[in-house]
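Below: the structure, in structure tokens.
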Protein chains: 4
Amino acid sequence: MNFEFPLQSLPTVMQGPRVERRRVLIGGSAFWGTMVEEGADAGRLRLDDGRLLDADAQTYLPPVNPSKIIAVHISYRSRSMETRNKPKPTETPTYFTKPPTSLNGHKGQILKPADCKYLNYEGEYAVVIGRTCRNVTPDEAWDHIEGFCPALDMGLQDFRDTDQGSMLRVKGADTLLPIGPGIVRGVDLFAQTLRTFVDGRVVQEAHIGEETIWGPHYVIADIARHITLMPGDVILMGTPCHSRSVDPGHVVACEITGIGRVEGTVVAIDAPRAAALGVGHAPTDSPEVRRVALGFDERVPEHFKANLRAAKGE
Amino acid sequence: MNFEFPLQSLPTVMQGPRVERRRVLIGGSAFWGTMVEEGADAGRLRLDDGRLLDADAQTYLPPVNPSKIIAVHISYRSRSMETRNKPKPTETPTYFTKPPTSLNGHKGQILKPADCKYLNYEGEYAVVIGRTCRNVTPDEAWDHIEGFCPALDMGLQDFRDTDQGSMLRVKGADTLLPIGPGIVRGVDLFAQTLRTFVDGRVVQEAHIGEETIWGPHYVIADIARHITLMPGDVILMGTPCHSRSVDPGHVVACEITGIGRVEGTVVAIDAPRAAALGVGHAPTDSPEVRRVALGFDERVPEHFKANLRAAKGE
Amino acid sequence: MNFEFPLQSLPTVMQGPRVERRRVLIGGSAFWGTMVEEGADAGRLRLDDGRLLDADAQTYLPPVNPSKIIAVHISYRSRSMETRNKPKPTETPTYFTKPPTSLNGHKGQILKPADCKYLNYEGEYAVVIGRTCRNVTPDEAWDHIEGFCPALDMGLQDFRDTDQGSMLRVKGADTLLPIGPGIVRGVDLFAQTLRTFVDGRVVQEAHIGEETIWGPHYVIADIARHITLMPGDVILMGTPCHSRSVDPGHVVACEITGIGRVEGTVVAIDAPRAAALGVGHAPTDSPEVRRVALGFDERVPEHFKANLRAAKGE
Amino acid sequence: MNFEFPLQSLPTVMQGPRVERRRVLIGGSAFWGTMVEEGADAGRLRLDDGRLLDADAQTYLPPVNPSKIIAVHISYRSRSMETRNKPKPTETPTYFTKPPTSLNGHKGQILKPADCKYLNYEGEYAVVIGRTCRNVTPDEAWDHIEGFCPALDMGLQDFRDTDQGSMLRVKGADTLLPIGPGIVRGVDLFAQTLRTFVDGRVVQEAHIGEETIWGPHYVIADIARHITLMPGDVILMGTPCHSRSVDPGHVVACEITGIGRVEGTVVAIDAPRAAALGVGHAPTDSPEVRRVALGFDERVPEHFKANLRAAKGE
């Protein structure tokens with residue numbers, strides 16, 4: 001992590017006890033609850049109204065309702081090397097956005113339109129803002145964090161060649177942000193390891209404290225120089241190396257030790273009707289698209305590639 | 001309906017073709033769609049993204065996201081007679097509110113706390129506001145309506161004796177407003193019949209055009225004299241006679257010809273923890289509570305009572 | 001305050017240092033800021049973006065954006081005595097609601113329609129919910145409070161005779177809830193005194209700790225037995241004795257030591273157009289309306305009455 | 001406009017009579033109203049509650065509350081030529097986003113931080129979505145439009161070199177989107193002329209129908225191929241040639257015949273505190289930044305340049 005803004009001590013949001021808040025839909029009504037951490041019921045979900053549920057059998061809503069979602073392009077050394085960006089300490093993070101309509105819950109369907117080939121996974125951790133935040137220092141930023149969630153920043157790389165870098169259509173389509181199942185406090189984020197799975201096989205892995213270039217305190221202080229962050233806003237903190245494309249039927253998951261695991265299933269849908277009329281930039285299969293969708297270079301650990309090939313039956 | 005404000009012609013919101021918009025949760029993501037009205041796929045749900053679904057197999061969200069929910073106390077002649085309020089043409093509707101946290105979707109769970117005995121059904125139609133509305137006449141009010149939904153205005157009558165008439169706890173508890181599954185336009189509301197069912201047996205029935213005292217145009221113009229109605233706001237239009245209490249396991253439904261059918265299942269939960277500490281007005285079983293919960297008088301058609309007794313296994 | 005749930009120690013929300021957050025509109029853009037508490041700039045407003053402003057010269061927005069607003073009918077001994085409700089320790093608070101459209105900011109206009117005579121003030125303190133809250137004990141409730149605001153729960157008593165006690169039209173009309181200018185933490189609420197002013201003259205006064213029957217912890221635990229409170233939700237905690245009606249031109253203020261002062265000016269508007277058509281319950285000037293609007297009995301301290309007569313030029 | 005999707009007839013949203021809805025803040029309360037179009041009161045603002053106001057003397061809120069704001073990079077031939085993008089009929093629009101926190105009202109302050117040099121204006125028209133929209137054709141898209149607003153898509157070009165094209169910090173800072181004062185229906189958008197002014201001098205001008213490459217129907221159909229547009233969402237439709245930087249004290253306005261005029265004043269604020277700590281990409285004064293901020297080439301009409309020099313006192 002950026003050595004210029006080290007932690008003086010563990011920030012409050014990372015100090016225990018662990019608390020995980022989840023939101024489920026039962027029938028057509030949303031309920032908040034807290035995961036039971038200890039005792040005979042550990043691992044079950046205690047709704048605020050008293051009901052004790054099997055956490056695995058629930059329908060999860062995104063545990064956030066953000067007014068904006070901001071994502072870091074690159075914040076892991078391995079991803080930076082893979083893409084041949086070699087940030088030095090003087091360099092700075094860059095950002096893009098995803099619209100709120102891209103939100104998806106744990107066990108959601110991730111839609112892949114019939115005219116697109118390259119739907120890439122990116123396992124990430126998300127930071128949820130707890131208090132209005134503008135013009136803060138990195139030290140102060142910690143007090144504005146509500147907690148952390150696992151997230152999948154999915155992208156339709158077929159639109160890589162358009163939007164001049166904003167990635168609105170790459171990253172902004174409906175369902176491309178599975179997040180949750182909970183918001184977690186009381187866990188030392190920097191001691192955790194993030195892993196992405198395709199059909200149960202590890203395809204990305206990074207130790208957050210060792211491989212992250214910028215911590216959430218730095219990123220919040222950076223963005224909040226000019227943009228007010230509101231309670232509920234979400235910041236996606238970037239992905240380690242080996243973002244690759246997946247296909248309908250694949251189950252993609254991001255698991256972060258101590259924080260949780262979010263998964264989604266890729267589902268095929270028809271191409272949009274306007275596409276048949278020639279409206280808008282068509283999905284393309286250019287060398288640049290393939291370069292990003294299929295992988296940048298050979299520095300990626302071999303077992304990630306082997307695992308993905310196995311998941312794809314290649 | 002109130003003879004002073006008759007319709008000059010069928011308002012736009014009631015003119016065909018019929019359009020029903022529904023919102024479903026798939027995985028953890030919400031999707032809007034339109035019911036297919038004609039052809040081989042009639043009765044299926046076409047999502048906006050093109051997917052065609054079995055409408056019966058979906059998880060429905062409330063099709064509304066209101067900033068406020070206002071309910072008419074009494075707007076049916078049969079309910080008015082039953083409660084011995086005999087409004088004359090010069091009398092006027094009265095209102096209470098339900099909080100947004102009471103919203104529930106089609107096929108939701110309607111929660112009955114262990115310390116409450118009397119959870120009453122009230123089948124109703126809901127009016128959804130489409131455009132900001134303040135200081136309008138009844139004629140103008142029609143243009144501010146988005147559409148109509150079936151709804152169940154459930155009530156915990158055990159709290160009848162408190163809140164000095166606001167019914168916050170009678171009508172305001174979580175899950176007490178199943179609504180949907182769709183918002184419907186293009187149907188002549190006043191030609192429809194509303195029925196409430198318990199376990200499939202009819203327990204309320206009214207022809208909306210013939211038995212309603214005040215139409216939505218009158219009610220909107222009345223409320224909007226002093227209160228701005230916002231897009232998405234919901235007005236519940238009252239229930240006909242024979243609101244009675246139901247028990248855990250009962251399936252309650254409100255079906256309106258041409259508009260749709262919403263149902264919910266009564267589910268038992270524990271009494272709240274604060275109740276054990278003696279906090280707040282305890283649920284009571286007073287004569288007034290029983291009078292409302294169990295029924296007012298003998299003018300109710302006998303078959304409704306017989307059907308309810310059958311549903312209750314009495 | 002209710003002796004059954006005394007404080008074990010000062011809750012976090014009341015422990016210093018004092019923090020007051022305000023939201024202002026500059027041009028057409030909303031900005032959050034914090035009041036400067038100490039030093040040469042004490043009493044000025046520091047926006048989050050760094051600007052230092054004259055706090056008195058700003059346009060204030062309500063510092064809250066609630067999904068629901070719940071109000072206690074009576075929670076002061078003096079008001080209880082005045083209205084001849086003499087609650088004993090076994091009795092419990094009752095509630096009504098105000099819609100979000102009733103929100104108004106500090107220095108707002110409080111609208112009095114031409115066909116209404118009795119617009120009553122009620123100085124109150126508001127509790128703002130900070131974290132989702134359901135099924136908590138009074139002890140736990142404190143952690144769900146964001147802070148406190150001064151508020152004026154204005155009421156059009158001309159509609160006292162309708163709505164069967166819900167007071168939707170008495171308390172729910174647009175502009176009837178001036179609140180702010182800030183949300184305050186770090187002040188011992190129970191050591192404060194609340195005063196209401198009309199044109200600068202004291203017309204209500206109460207020591208919150210000594211005269212309040214139920215504290216916010218009790219009220220939150222009571223409501224949250226069945227209703228989920230969401231972040232931003234507002235609870236109005238009732239008014240002391242001597243709620244009386246005011247007229248266009250009057251400046252009404254509620255000031256709470258340590259917390260702040262909110263004021264509004266009564267402004268006349270035309271009667272609604274639908275009123276001329278005979279729609280809805282007409283404002284009435286019945287004995288019951290006058291009894292509430294003009295005052296209940298003679299137990300009110302004489303100087304409050306004299307001050308109000310002076311403000312009214314009587 | 002794109003010849004492949006011509007209008008068959010004037011869409012409903014452009015058919016008269018003209019209706020303009022505005023939202024003002026009076027005291028601390030927001031009110032909607034409609035501009036009076038005819039008669040002695042033409043040009044005044046009639047609030048929904050009946051008050052008739054001097055439209056020029058009001059404090060305007062943005063007339064929109066979007067869940068997302070999407071902007072077209074280039075949709076005018078003059079801008080396209082200026083930037084040497086020469087789109088042919090087969091080419092397609094590209095997009096970026098602005099966060100809701102960038103919203104500003106008519107007569108707002110547009111903030112320029114002390115460490116930034118280049119705050120550029122871009123006069124645009126905005127499209128406001130009226131109904132949920134996904135997977136529509138250009139023909140169908142018209143029915144999903146609520147109306148049109150003047151807007152200023154301001155940008156801090158000092159951040160041109162960062163964010164890899166997303167322009168989050170160029171276009172996303174607080175206050176950089178003055179919009180309003182009204183949402184307008186019933187005006188033939190394609191017959192109107194857009195002009196941008198600095199201190200009253202014309203610095204941009206374009207006939208919308210003749211110089212726009214893509215109409216809103218095309219853009220909506222394009223975006224809604226993969227992204228659901230929600231009621232209230234805003235699409236900014238691009239700017240004609242001669243976007244240039246302005247300085248504190250300048251009054252910038254965008255006026256569209258038949259639609260209205262929005263203006264804002266540039267105001268200096270301090271550099272953010274985190275900037276002094278070296279957090280984040282520093283504003284830069286690179287050749288690329290200057291190229292965009294100060295102008296691309298010499299094809300811009302000379303009088304625009306002369307007017308801007310005059311406004312800047314050069």
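Order determines the names: the first chain of the structure tokens is A, the second B, and so forth; residues in each chain are numbered 1 upward, and ligands are numbered 1 upward as they are shown.
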Listing only residues of chain A within 7 Å of chain B, what is the closest atom pair and its distance in Å (to one decimal) for each, using only C-alpha atoms, sorted by chain and residue number ascending, as CSV?
```
residue,atom,partner,partner_atom,distance
A:Ile26,CA,B:Gly108,CA,6.6
A:Gly27,CA,B:Gly108,CA,3.5
A:Gly28,CA,B:Gly105,CA,3.6
A:Ser29,CA,B:Asn104,CA,4.6
A:Gly50,CA,B:Asp270,CA,6.6
A:Arg51,CA,B:Ile269,CA,6.8
A:Thr59,CA,B:Gly28,CA,6.8
A:Tyr60,CA,B:Gly28,CA,5.6
A:Leu61,CA,B:Gly28,CA,4.9
A:Pro62,CA,B:Gly28,CA,6.6
A:Leu103,CA,B:Ser29,CA,6.7
A:Asn104,CA,B:Ser29,CA,4.6
A:Gly105,CA,B:Gly28,CA,3.6
A:His106,CA,B:Gly28,CA,6.0
A:Lys107,CA,B:Gly27,CA,5.4
A:Gly108,CA,B:Gly27,CA,3.5
A:Gln109,CA,B:Gly27,CA,5.5
A:Thr175,CA,B:Ser29,CA,6.5
A:Ile269,CA,B:Arg51,CA,6.8
A:Asp270,CA,B:Gly50,CA,6.6
```
Take the residues just selected and output them with C-alpha atoms as a CSV table (one decimal), in the first residue's frame.
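Once everything was written out, this is selection_16.csv:
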```
chain,number,residue,atom,x,y,z
A,26,ILE,CA,-38.6,-12.6,1.7
A,27,GLY,CA,-41.8,-12.7,-0.4
A,28,GLY,CA,-41.7,-9.2,-1.7
A,29,SER,CA,-40.5,-7.4,1.4
A,50,GLY,CA,-36.0,-11.8,15.4
A,51,ARG,CA,-36.3,-14.6,12.8
A,59,THR,CA,-32.5,-14.2,-1.8
A,60,TYR,CA,-30.1,-11.4,-1.3
A,61,LEU,CA,-30.5,-7.8,-2.3
A,62,PRO,CA,-27.5,-5.5,-2.7
A,103,LEU,CA,-26.2,-3.3,-9.1
A,104,ASN,CA,-26.9,-6.9,-8.6
A,105,GLY,CA,-27.2,-9.1,-5.4
A,106,HIS,CA,-25.4,-12.2,-4.3
A,107,LYS,CA,-26.5,-15.2,-6.4
A,108,GLY,CA,-27.7,-12.8,-9.2
A,109,GLN,CA,-27.9,-13.4,-12.9
A,175,THR,CA,-26.5,-6.6,-13.7
A,269,ILE,CA,-30.1,-12.9,-23.2
A,270,ASP,CA,-31.1,-11.8,-26.7
```
Give me, as a short mmCIF file (atom, residue, chain, number, x, y, z; two decimals) with N, CA and C atoms, in the first residue's frame, the residues of region 12-212 of chain C that a backbone DSSP run labels strand (DSSP E).
```
data_model
loop_
_atom_site.label_atom_id
_atom_site.label_comp_id
_atom_site.auth_asym_id
_atom_site.auth_seq_id
_atom_site.Cartn_x
_atom_site.Cartn_y
_atom_site.Cartn_z
N VAL C 19 -20.91 18.63 17.83
CA VAL C 19 -20.77 18.72 16.37
C VAL C 19 -22.13 19.07 15.79
N GLU C 20 -22.18 20.13 15.01
CA GLU C 20 -23.44 20.51 14.35
C GLU C 20 -23.24 20.55 12.85
N ARG C 21 -24.01 19.71 12.16
CA ARG C 21 -23.93 19.65 10.69
C ARG C 21 -25.13 20.37 10.09
N ARG C 22 -24.87 21.26 9.14
CA ARG C 22 -25.95 21.98 8.47
C ARG C 22 -25.84 21.82 6.96
N ARG C 23 -26.95 22.03 6.27
CA ARG C 23 -26.99 21.94 4.81
C ARG C 23 -27.59 23.22 4.25
N VAL C 24 -26.85 23.89 3.40
CA VAL C 24 -27.31 25.17 2.85
C VAL C 24 -27.45 25.06 1.33
N LEU C 25 -28.29 25.93 0.79
CA LEU C 25 -28.39 26.06 -0.66
C LEU C 25 -27.69 27.34 -1.07
N ILE C 26 -26.70 27.20 -1.96
CA ILE C 26 -26.01 28.37 -2.50
C ILE C 26 -26.22 28.32 -4.00
N SER C 29 -27.33 24.83 -5.58
CA SER C 29 -26.59 23.63 -5.22
C SER C 29 -26.54 23.50 -3.70
N ALA C 30 -26.73 22.29 -3.21
CA ALA C 30 -26.75 22.04 -1.76
C ALA C 30 -25.36 21.69 -1.26
N PHE C 31 -24.97 22.25 -0.13
CA PHE C 31 -23.67 21.98 0.46
C PHE C 31 -23.82 21.65 1.94
N TRP C 32 -23.07 20.67 2.41
CA TRP C 32 -23.01 20.37 3.84
C TRP C 32 -21.84 21.12 4.46
N GLY C 33 -22.01 21.47 5.73
CA GLY C 33 -20.93 22.11 6.45
C GLY C 33 -21.06 21.85 7.94
N THR C 34 -20.05 22.25 8.68
CA THR C 34 -20.00 22.06 10.12
C THR C 34 -19.84 23.42 10.80
N MET C 35 -20.59 23.65 11.86
CA MET C 35 -20.46 24.91 12.59
C MET C 35 -19.11 24.95 13.30
N LEU C 45 -20.11 29.13 9.73
CA LEU C 45 -20.34 27.83 9.13
C LEU C 45 -19.21 27.50 8.17
N ARG C 46 -18.51 26.40 8.43
CA ARG C 46 -17.42 25.95 7.56
C ARG C 46 -17.99 24.90 6.63
N LEU C 47 -18.15 25.24 5.35
CA LEU C 47 -18.59 24.22 4.40
C LEU C 47 -17.50 23.15 4.26
N LEU C 52 -15.84 29.52 4.37
CA LEU C 52 -16.26 29.92 5.71
C LEU C 52 -17.34 30.98 5.54
N LEU C 53 -18.54 30.71 6.07
CA LEU C 53 -19.69 31.56 5.78
C LEU C 53 -20.28 32.17 7.05
N THR C 59 -29.27 30.36 3.22
CA THR C 59 -30.55 29.71 2.94
C THR C 59 -30.42 28.25 3.38
N TYR C 60 -31.20 27.87 4.37
CA TYR C 60 -31.06 26.53 4.95
C TYR C 60 -32.05 25.53 4.38
N ILE C 69 -41.75 10.25 8.97
CA ILE C 69 -41.70 11.19 10.09
C ILE C 69 -42.80 10.79 11.05
N ILE C 70 -42.40 10.43 12.27
CA ILE C 70 -43.36 9.97 13.28
C ILE C 70 -43.32 10.96 14.43
N ALA C 71 -44.49 11.32 14.94
CA ALA C 71 -44.57 12.33 16.00
C ALA C 71 -45.28 11.76 17.22
N VAL C 72 -44.75 12.07 18.40
CA VAL C 72 -45.39 11.69 19.66
C VAL C 72 -46.51 12.69 19.95
N TYR C 95 -48.76 7.94 18.81
CA TYR C 95 -48.05 8.56 17.67
C TYR C 95 -48.98 8.89 16.51
N PHE C 96 -48.55 9.86 15.72
CA PHE C 96 -49.14 10.10 14.41
C PHE C 96 -47.99 10.36 13.43
N THR C 97 -48.31 10.61 12.16
CA THR C 97 -47.24 10.82 11.17
C THR C 97 -47.43 12.15 10.43
N LYS C 98 -46.34 12.63 9.87
CA LYS C 98 -46.37 13.75 8.94
C LYS C 98 -45.69 13.28 7.65
N LEU C 103 -41.91 18.91 5.15
CA LEU C 103 -40.61 19.43 5.59
C LEU C 103 -40.38 20.87 5.13
N ASN C 104 -39.72 21.63 5.99
CA ASN C 104 -39.42 23.03 5.72
C ASN C 104 -38.07 23.32 6.37
N GLY C 108 -38.00 29.30 6.85
CA GLY C 108 -38.95 29.01 5.79
C GLY C 108 -40.26 29.77 5.96
N GLN C 109 -41.10 29.68 4.92
CA GLN C 109 -42.45 30.23 4.98
C GLN C 109 -43.40 29.11 5.39
N ILE C 110 -44.23 29.40 6.39
CA ILE C 110 -45.23 28.44 6.86
C ILE C 110 -46.56 28.92 6.28
N LEU C 111 -47.13 28.10 5.39
CA LEU C 111 -48.28 28.57 4.61
C LEU C 111 -49.60 28.40 5.37
N LYS C 112 -50.39 29.45 5.39
CA LYS C 112 -51.72 29.42 6.02
C LYS C 112 -52.74 29.73 4.93
N PRO C 113 -53.53 28.73 4.52
CA PRO C 113 -54.51 28.97 3.45
C PRO C 113 -55.61 29.95 3.92
N LEU C 119 -53.75 28.17 12.80
CA LEU C 119 -52.46 27.53 12.54
C LEU C 119 -51.66 27.55 13.84
N ASN C 120 -51.56 26.43 14.51
CA ASN C 120 -50.92 26.38 15.83
C ASN C 120 -49.43 26.02 15.76
N GLY C 123 -43.42 23.87 19.57
CA GLY C 123 -41.96 23.74 19.60
C GLY C 123 -41.57 22.35 20.08
N GLU C 124 -40.62 21.70 19.39
CA GLU C 124 -40.27 20.32 19.73
C GLU C 124 -38.78 20.08 19.47
N TYR C 125 -38.29 18.98 20.02
CA TYR C 125 -37.00 18.52 19.51
C TYR C 125 -37.24 17.27 18.68
N ALA C 126 -36.42 17.15 17.61
CA ALA C 126 -36.53 16.00 16.71
C ALA C 126 -35.34 15.09 16.92
N VAL C 127 -35.59 13.80 16.81
CA VAL C 127 -34.54 12.79 16.85
C VAL C 127 -34.34 12.28 15.42
N VAL C 128 -33.10 12.25 14.96
CA VAL C 128 -32.80 11.75 13.62
C VAL C 128 -32.14 10.38 13.75
N ILE C 129 -32.72 9.40 13.04
CA ILE C 129 -32.19 8.03 13.09
C ILE C 129 -30.92 7.94 12.24
N ILE C 145 -29.19 6.58 17.02
CA ILE C 145 -29.53 8.01 16.88
C ILE C 145 -28.36 8.76 16.26
N GLU C 146 -28.66 9.53 15.20
CA GLU C 146 -27.66 10.36 14.55
C GLU C 146 -27.46 11.68 15.31
N GLY C 147 -28.57 12.27 15.76
CA GLY C 147 -28.47 13.53 16.48
C GLY C 147 -29.84 14.15 16.70
N PHE C 148 -29.83 15.40 17.12
CA PHE C 148 -31.07 16.10 17.49
C PHE C 148 -31.19 17.42 16.73
N CYS C 149 -32.42 17.83 16.45
CA CYS C 149 -32.68 19.12 15.78
C CYS C 149 -33.82 19.84 16.49
N PRO C 150 -33.80 21.17 16.49
CA PRO C 150 -35.01 21.92 16.83
C PRO C 150 -36.04 21.75 15.71
N ALA C 151 -37.32 21.80 16.06
CA ALA C 151 -38.37 21.64 15.05
C ALA C 151 -39.64 22.34 15.50
N LEU C 152 -40.47 22.68 14.54
CA LEU C 152 -41.79 23.25 14.81
C LEU C 152 -42.83 22.35 14.16
N GLY C 155 -49.59 23.01 13.01
CA GLY C 155 -50.84 22.31 12.72
C GLY C 155 -51.98 23.24 12.33
N LEU C 156 -52.71 22.85 11.27
CA LEU C 156 -53.92 23.59 10.86
C LEU C 156 -55.10 22.99 11.61
N LEU C 177 -43.51 21.65 8.78
CA LEU C 177 -42.46 21.10 9.64
C LEU C 177 -41.11 21.81 9.43
N PRO C 178 -40.98 23.05 9.90
CA PRO C 178 -39.64 23.67 9.91
C PRO C 178 -38.73 22.87 10.84
N GLY C 182 -29.47 22.65 12.05
CA GLY C 182 -28.46 21.60 12.05
C GLY C 182 -28.93 20.33 12.73
N ILE C 183 -28.16 19.26 12.53
CA ILE C 183 -28.27 18.04 13.35
C ILE C 183 -27.11 18.10 14.33
N VAL C 184 -27.42 17.94 15.62
CA VAL C 184 -26.42 18.17 16.66
C VAL C 184 -26.14 16.89 17.43
N ARG C 185 -24.86 16.60 17.62
CA ARG C 185 -24.37 15.53 18.49
C ARG C 185 -23.50 16.16 19.58
N THR C 193 -33.00 23.24 27.75
CA THR C 193 -34.32 23.85 27.87
C THR C 193 -34.82 24.26 26.49
N LEU C 194 -36.07 23.91 26.24
CA LEU C 194 -36.71 24.24 24.96
C LEU C 194 -37.64 25.43 25.16
N ARG C 195 -37.57 26.39 24.26
CA ARG C 195 -38.48 27.54 24.31
C ARG C 195 -39.03 27.82 22.92
N THR C 196 -40.30 28.17 22.87
CA THR C 196 -40.91 28.61 21.61
C THR C 196 -41.17 30.10 21.71
N PHE C 197 -40.93 30.79 20.61
CA PHE C 197 -41.12 32.24 20.56
C PHE C 197 -42.09 32.62 19.45
N VAL C 198 -42.92 33.63 19.72
CA VAL C 198 -43.69 34.27 18.65
C VAL C 198 -43.25 35.74 18.62
N ARG C 201 -41.19 36.73 21.59
CA ARG C 201 -41.69 36.58 22.96
C ARG C 201 -41.86 35.09 23.30
N VAL C 202 -41.41 34.71 24.48
CA VAL C 202 -41.51 33.30 24.88
C VAL C 202 -42.96 32.89 25.09
N VAL C 203 -43.37 31.83 24.42
CA VAL C 203 -44.75 31.35 24.58
C VAL C 203 -44.82 29.88 25.02
N GLN C 204 -43.70 29.18 24.99
CA GLN C 204 -43.61 27.83 25.56
C GLN C 204 -42.23 27.68 26.17
N GLU C 205 -42.12 26.89 27.22
CA GLU C 205 -40.81 26.66 27.83
C GLU C 205 -40.85 25.36 28.62
N ALA C 206 -39.79 24.57 28.46
CA ALA C 206 -39.72 23.33 29.24
C ALA C 206 -38.27 22.87 29.35
N HIS C 207 -37.93 22.35 30.52
CA HIS C 207 -36.64 21.71 30.71
C HIS C 207 -36.80 20.26 30.25
#
```
Which of region 47-288 of chain D counts as alpha helix (DSSP H) under DSSP, as a PyMOL selection string please? chain D and resi 77-82+138-141+168-171+208-211+216-223+273-276+287-288
My list of candidates is D:Val13, D:Val279, D:Ala114, D:Ala141. Which is closest to Asp222 (chain A) when distances are computed with only C-alpha atoms? D:Val279
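Using only C-alpha atoms, the shortest contact distance between Ser286 (chain A) and any of A:Gln157, A:Gln192, A:Arg244, A:Pro100 is found at A:Gln157.
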Find the residues around Asp247 (chain D) up to 9 Å (only C-alpha atoms counted), leave out those fewer than 2 positions away in its own chain, and share them as a list in words.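 My list of contacting residues is Lys112, Lys117, Tyr118, Leu119, Ser245, Gly249, His250, Val266, Val267, Ala268 and Lys312 of chain D.
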Prev. selection, C-alpha atoms, output as a PDB file, in the first residue's frame:
```
ATOM      1  CA  LYS D 112     -13.234  26.762  -9.381  1.00  0.00           C
ATOM      2  CA  LYS D 117      -6.730  27.042 -14.154  1.00  0.00           C
ATOM      3  CA  TYR D 118      -9.060  25.752 -16.813  1.00  0.00           C
ATOM      4  CA  LEU D 119     -12.787  25.656 -16.118  1.00  0.00           C
ATOM      5  CA  SER D 245     -12.136  28.298 -20.112  1.00  0.00           C
ATOM      6  CA  GLY D 249     -16.479  36.421 -11.728  1.00  0.00           C
ATOM      7  CA  HIS D 250     -17.598  35.333 -15.172  1.00  0.00           C
ATOM      8  CA  VAL D 266     -17.773  31.197 -11.518  1.00  0.00           C
ATOM      9  CA  VAL D 267     -16.591  31.456  -7.905  1.00  0.00           C
ATOM     10  CA  ALA D 268     -13.105  30.753  -6.546  1.00  0.00           C
ATOM     11  CA  LYS D 312     -12.110  38.307 -20.529  1.00  0.00           C
TER      12      LYS D 312
END
```
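We find CA of His73 (chain A) and CA of Arg160 (chain A) to be spaced 13.8 Å apart.
With only C-alpha atoms as the atoms that count, the minimum distance from Gly186 (chain B) to the choices B:Val289, B:Val36, B:Leu10, B:Ile74 is reached by B:Leu10.
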Neighbour list for Thr83 (chain A) as a list in words, cut-off 7 Å, only C-alpha atoms, skip fewer than 3 positions in-chain: Arg79, Ser80 and Phe296 of chain A
For the selection just defined, write its residues with C-alpha atoms to a file, as a PDB file, in the first residue's frame.
```pdb
ATOM      1  CA  ARG A  79      -2.781  -5.989 -12.373  1.00  0.00           C
ATOM      2  CA  SER A  80      -0.548  -3.038 -12.928  1.00  0.00           C
ATOM      3  CA  PHE A 296      -2.523  -8.980 -21.396  1.00  0.00           C
TER       4      PHE A 296
END
```
Give me, as a ChimeraX atom specification, all polymer residues having an atom no more than 12 Å from Pro138 (chain C), counting only C-alpha atoms and skipping those fewer than 4 positions away in the same chain. /B:273-280 /C:2,4-8,11,133-134,142-145,214-225
Shell of 8 Å around Ser67 (chain B), only C-alpha atoms, local chain residues under 3 positions omitted, as a PyMOL selection string: (chain B and resi 100+230+232-233) or (chain C and resi 67+99-100)
Quick one, how far is CA of Cys254 (chain B) from CA of His242 (chain B)? 13.2 Å
